[in-house]
Amino acid sequence: MPLRAASSTVHVRPAVGRRRRRLTHVVGLLVATLVATVLVAPAASASPESQLAELTVRAEANGTTYDRDAFRHWIDADGDGCNTRAEVLIDESSSATGRTGTCTITSGSWLSRYDNVRFTDAGSLDIDHMVPLKEAWISGASGWTASRRESFANDLGDARSLIAVSASTNRSKSDQDPDSWLPPATGYRCTYVSDWIAVKYRWGLSVDSAEKAALQDVLAGC
């Protein structure tokens with residue numbers, strides 16, 4: 001299934017890369033996806049509701065053995081010395097970032113949107129996959145090529161795919177979908193489910209019936 005381009009729907013957090021650095025990484029990731037014979041479709045404006053309606057509903061593929069190592073990350077797609085984790089931290093910091101070595105980010109200023117807490121120590125943050133790797137695996141990624149899974153795990157082409165959040169909330173979320181976990185910051189939940197849907201739509205992943213009902217329930221209050 002072709003990789004869909006990011007929607008132009010406006011959310012609290014921008015739908016596309018907020019700095020020119022992202023453009024360089026898009027080029028690197030597109031090379032990887034072309035190797036995997038994945039074509040990027042033209043951008044299309046669509047609401048979260050319409051994107052959700054287009055997602056395939058099917059039971060999760062729990063019969064396949066999940067292997068986190070099947071999703072290679074974090075990579076340095078453009079060879080500038082900064083891997084995907086570092087690039088997200090640089091992009092999302094509201095101040096200049098401190099670093100050690102080649103590109104280990106140590107300090108900056110980040111708002112963890114899951115719990116609405118600000119951090120200046122990069123070590124207190126995790127880079128969360130909006131759609132967790134295991135969730136992607138059971139929603140269709142188990143049948144992908146290794147190159148496509150690598151592209152998903154390091155997706156800098158859409159700012160909704162990866163987000164810097166507090167380590168505690170990331171680990172609380174773990175691999176749960178919105179049927180069993182939502183951010184404790186209730187004011188962020190509409191953006192969260194919209195971003196979740198956008199990522200699944202972009203990558204052609206499915207939803208299960210309980211997950212879809214939970215997404216619809218949150219959207220109904222947005």
# chains A, B, ... in the order shown; residues from 1 in each chain; ligands from 1

$ residues_around --residues "Leu111 (chain A)" --least-positions-apart "3" --cutoff "10 Å" --atoms "only C-alpha atoms" --output "short mmCIF file (atom, residue, chain, number, x, y, z; two decimals) with all heavy atoms, in the first residue's frame"
data_model
loop_
_atom_site.label_atom_id
_atom_site.label_comp_id
_atom_site.auth_asym_id
_atom_site.auth_seq_id
_atom_site.Cartn_x
_atom_site.Cartn_y
_atom_site.Cartn_z
N GLU A 92 12.14 20.27 18.29
CA GLU A 92 11.06 20.58 19.22
C GLU A 92 11.50 21.49 20.38
O GLU A 92 10.64 21.96 21.13
CB GLU A 92 10.45 19.29 19.76
CG GLU A 92 9.77 18.49 18.66
CD GLU A 92 8.88 17.39 19.19
OE1 GLU A 92 8.83 17.17 20.41
OE2 GLU A 92 8.20 16.77 18.36
N SER A 93 12.78 21.74 20.52
CA SER A 93 13.23 22.63 21.58
C SER A 93 12.90 24.08 21.22
O SER A 93 13.12 24.52 20.10
CB SER A 93 14.73 22.49 21.80
OG SER A 93 15.17 23.40 22.80
N SER A 94 12.38 24.81 22.20
CA SER A 94 12.05 26.22 21.98
C SER A 94 13.24 27.14 22.24
O SER A 94 13.12 28.36 22.13
CB SER A 94 10.87 26.63 22.87
OG SER A 94 11.17 26.45 24.24
N TYR A 114 2.10 15.44 26.47
CA TYR A 114 1.27 14.39 27.08
C TYR A 114 0.84 14.76 28.50
O TYR A 114 -0.26 14.42 28.93
CB TYR A 114 2.03 13.06 27.12
CG TYR A 114 2.17 12.37 25.78
CD1 TYR A 114 2.85 11.15 25.69
CD2 TYR A 114 1.65 12.90 24.61
CE1 TYR A 114 3.00 10.50 24.48
CE2 TYR A 114 1.79 12.26 23.39
CZ TYR A 114 2.48 11.05 23.34
OH TYR A 114 2.63 10.40 22.13
N ASP A 115 1.73 15.46 29.23
CA ASP A 115 1.41 15.82 30.61
C ASP A 115 1.58 17.31 30.89
O ASP A 115 1.46 17.76 32.02
CB ASP A 115 2.25 15.02 31.60
CG ASP A 115 3.73 14.98 31.23
OD1 ASP A 115 4.13 15.67 30.27
OD2 ASP A 115 4.49 14.25 31.91
N ASN A 116 1.87 18.09 29.84
CA ASN A 116 1.98 19.54 29.93
C ASN A 116 3.05 19.98 30.94
O ASN A 116 2.86 20.92 31.70
CB ASN A 116 0.63 20.17 30.31
CG ASN A 116 0.55 21.63 29.92
OD1 ASN A 116 1.10 22.05 28.91
ND2 ASN A 116 -0.14 22.42 30.74
N VAL A 117 4.20 19.30 30.90
CA VAL A 117 5.31 19.61 31.79
C VAL A 117 6.51 20.03 30.93
O VAL A 117 6.79 19.42 29.90
CB VAL A 117 5.69 18.40 32.66
CG1 VAL A 117 6.91 18.71 33.53
CG2 VAL A 117 4.52 17.97 33.53
N ARG A 118 7.21 21.08 31.37
CA ARG A 118 8.37 21.56 30.61
C ARG A 118 9.65 20.98 31.19
O ARG A 118 9.81 20.85 32.40
CB ARG A 118 8.43 23.08 30.61
CG ARG A 118 9.55 23.65 29.71
CD ARG A 118 9.33 25.11 29.39
NE ARG A 118 8.18 25.32 28.52
CZ ARG A 118 8.22 25.17 27.19
NH1 ARG A 118 9.34 24.80 26.59
NH2 ARG A 118 7.15 25.39 26.47
N PHE A 119 10.59 20.64 30.28
CA PHE A 119 11.86 20.05 30.67
C PHE A 119 13.01 20.80 30.02
O PHE A 119 12.88 21.32 28.92
CB PHE A 119 11.93 18.58 30.22
CG PHE A 119 10.97 17.67 30.94
CD1 PHE A 119 9.67 17.49 30.47
CD2 PHE A 119 11.36 16.99 32.08
CE1 PHE A 119 8.78 16.66 31.14
CE2 PHE A 119 10.48 16.15 32.76
CZ PHE A 119 9.19 15.99 32.27
N THR A 120 14.14 20.84 30.72
CA THR A 120 15.36 21.42 30.14
C THR A 120 16.47 20.38 30.03
O THR A 120 17.49 20.64 29.41
CB THR A 120 15.86 22.60 31.00
OG1 THR A 120 16.07 22.16 32.34
CG2 THR A 120 14.85 23.74 30.98
N LEU A 125 13.63 13.00 28.73
CA LEU A 125 12.67 12.84 27.63
C LEU A 125 12.88 11.55 26.86
O LEU A 125 14.00 11.07 26.71
CB LEU A 125 12.80 14.02 26.66
CG LEU A 125 12.50 15.40 27.22
CD1 LEU A 125 13.01 16.47 26.27
CD2 LEU A 125 11.00 15.57 27.46
N ALA A 164 8.72 14.39 21.33
CA ALA A 164 9.48 14.34 22.57
C ALA A 164 8.54 14.53 23.75
O ALA A 164 7.83 15.53 23.83
CB ALA A 164 10.56 15.43 22.57
N VAL A 165 8.51 13.55 24.64
CA VAL A 165 7.62 13.60 25.80
C VAL A 165 8.37 13.11 27.04
O VAL A 165 9.44 12.51 26.93
CB VAL A 165 6.35 12.74 25.59
CG1 VAL A 165 5.52 13.30 24.44
CG2 VAL A 165 6.71 11.28 25.33
N SER A 166 7.79 13.34 28.20
CA SER A 166 8.42 12.88 29.43
C SER A 166 8.56 11.36 29.39
O SER A 166 7.68 10.64 28.89
CB SER A 166 7.60 13.30 30.65
OG SER A 166 6.33 12.67 30.64
#

$ residues_around --residues "Ala122 (chain A)" --least-positions-apart "4" --cutoff "12 Å" --atoms "only C-alpha atoms" --output "PyMOL selection string"
chain A and resi 85-86+88-90+92-93+97-100+104-112+118+126-127+164-167

$ closest_residue --among "A:Cys222, A:Ile138, A:Leu182, A:Ala46" --to "Ala59 (chain A)" --atoms "only C-alpha atoms"
A:Ile138

$ select_by_dssp --residues "region 8-220 of chain A" --states "strand (DSSP E or B)" --output "ChimeraX atom specification"
/A:40,57,98-100,104-112,117-121,125-129,162-166,207

$ select_by_dssp --residues "region 22-199 of chain A" --states "helix (DSSP H, G or I)" --output "MDAnalysis selection string"
chainID A and resid 22:35 48:54 68:70 84:92 122:124 133:138 141:143 146:153 167:173 186:199

$ atom_distance --atom1 "CA of Leu205 (chain A)" --atom2 "CA of Trp144 (chain A)"
10.8 Å

$ atom_distance --atom1 "CA of Trp203 (chain A)" --atom2 "CA of Ser47 (chain A)"
16.3 Å

$ residues_around --residues "region 48-52 of chain A" --least-positions-apart "2" --cutoff "8 Å" --atoms "only C-alpha atoms" --output "PyMOL selection string"
chain A and resi 46+54-55+194+197-198+201+212+216+219

$ write_last_selection --atoms "C-alpha atoms" --output "PDB file, in the first residue's frame"
ATOM      1  CA  ALA A  46      -8.772  15.598   4.951  1.00  0.00           C
ATOM      2  CA  GLU A  54     -11.005   5.286   5.217  1.00  0.00           C
ATOM      3  CA  LEU A  55      -8.923   3.097   7.523  1.00  0.00           C
ATOM      4  CA  SER A 194      -6.088  13.390  15.275  1.00  0.00           C
ATOM      5  CA  ILE A 197      -5.273   8.789  12.882  1.00  0.00           C
ATOM      6  CA  ALA A 198      -3.054  10.839  10.552  1.00  0.00           C
ATOM      7  CA  TYR A 201      -3.626   6.941   7.439  1.00  0.00           C
ATOM      8  CA  LYS A 212     -11.935   3.029  16.190  1.00  0.00           C
ATOM      9  CA  GLN A 216     -14.608   8.425  17.408  1.00  0.00           C
ATOM     10  CA  LEU A 219     -13.375  13.263  18.207  1.00  0.00           C
TER      11      LEU A 219
END

$ atom_distance --atom1 "CA of Arg149 (chain A)" --atom2 "CA of Lys173 (chain A)"
20.8 Å

$ residues_around --residues "Ser142 (chain A)" --least-positions-apart "6" --cutoff "10 Å" --atoms "only C-alpha atoms" --output "MDAnalysis selection string"
chainID A and resid 61 64:67 70 134 136 149

$ write_last_selection --atoms "N, CA, C and O atoms" --output "PDB file, in the first residue's frame"
ATOM      1  N   ALA A  61      -3.291  -8.378  14.395  1.00  0.00           N
ATOM      2  CA  ALA A  61      -2.576  -9.593  13.990  1.00  0.00           C
ATOM      3  C   ALA A  61      -1.715 -10.114  15.128  1.00  0.00           C
ATOM      4  O   ALA A  61      -0.482 -10.105  15.068  1.00  0.00           O
ATOM      5  N   THR A  64       1.196 -13.051  14.943  1.00  0.00           N
ATOM      6  CA  THR A  64       2.578 -12.885  14.485  1.00  0.00           C
ATOM      7  C   THR A  64       3.439 -12.415  15.651  1.00  0.00           C
ATOM      8  O   THR A  64       3.004 -11.628  16.477  1.00  0.00           O
ATOM      9  N   THR A  65       4.650 -12.905  15.742  1.00  0.00           N
ATOM     10  CA  THR A  65       5.550 -12.576  16.849  1.00  0.00           C
ATOM     11  C   THR A  65       6.192 -11.221  16.613  1.00  0.00           C
ATOM     12  O   THR A  65       6.914 -11.013  15.641  1.00  0.00           O
ATOM     13  N   TYR A  66       5.918 -10.296  17.525  1.00  0.00           N
ATOM     14  CA  TYR A  66       6.476  -8.947  17.411  1.00  0.00           C
ATOM     15  C   TYR A  66       7.954  -8.959  17.729  1.00  0.00           C
ATOM     16  O   TYR A  66       8.395  -9.581  18.702  1.00  0.00           O
ATOM     17  N   ASP A  67       8.729  -8.252  16.925  1.00  0.00           N
ATOM     18  CA  ASP A  67      10.171  -8.126  17.129  1.00  0.00           C
ATOM     19  C   ASP A  67      10.550  -6.664  16.984  1.00  0.00           C
ATOM     20  O   ASP A  67      10.560  -6.122  15.880  1.00  0.00           O
ATOM     21  N   ALA A  70      12.989  -5.440  14.458  1.00  0.00           N
ATOM     22  CA  ALA A  70      12.595  -5.381  13.048  1.00  0.00           C
ATOM     23  C   ALA A  70      12.433  -3.937  12.581  1.00  0.00           C
ATOM     24  O   ALA A  70      12.380  -3.678  11.375  1.00  0.00           O
ATOM     25  N   LYS A 134       4.988  -1.668  18.212  1.00  0.00           N
ATOM     26  CA  LYS A 134       4.212  -2.906  18.300  1.00  0.00           C
ATOM     27  C   LYS A 134       2.820  -2.718  17.721  1.00  0.00           C
ATOM     28  O   LYS A 134       2.282  -3.610  17.043  1.00  0.00           O
ATOM     29  N   ALA A 136       2.017  -0.689  15.350  1.00  0.00           N
ATOM     30  CA  ALA A 136       2.187  -0.705  13.901  1.00  0.00           C
ATOM     31  C   ALA A 136       2.334  -2.142  13.401  1.00  0.00           C
ATOM     32  O   ALA A 136       1.757  -2.528  12.382  1.00  0.00           O
ATOM     33  N   ARG A 149       9.824  -0.602   7.354  1.00  0.00           N
ATOM     34  CA  ARG A 149       9.727  -0.492   8.813  1.00  0.00           C
ATOM     35  C   ARG A 149      10.755   0.507   9.346  1.00  0.00           C
ATOM     36  O   ARG A 149      10.479   1.263  10.281  1.00  0.00           O
TER      37      ARG A 149
END

$ residues_around --residues "Asp195 (chain A)" --least-positions-apart "4" --cutoff "9 Å" --atoms "only C-alpha atoms" --output "number ranges by chain"
A: 11, 15, 48, 130, 160-161, 190-191, 199-200
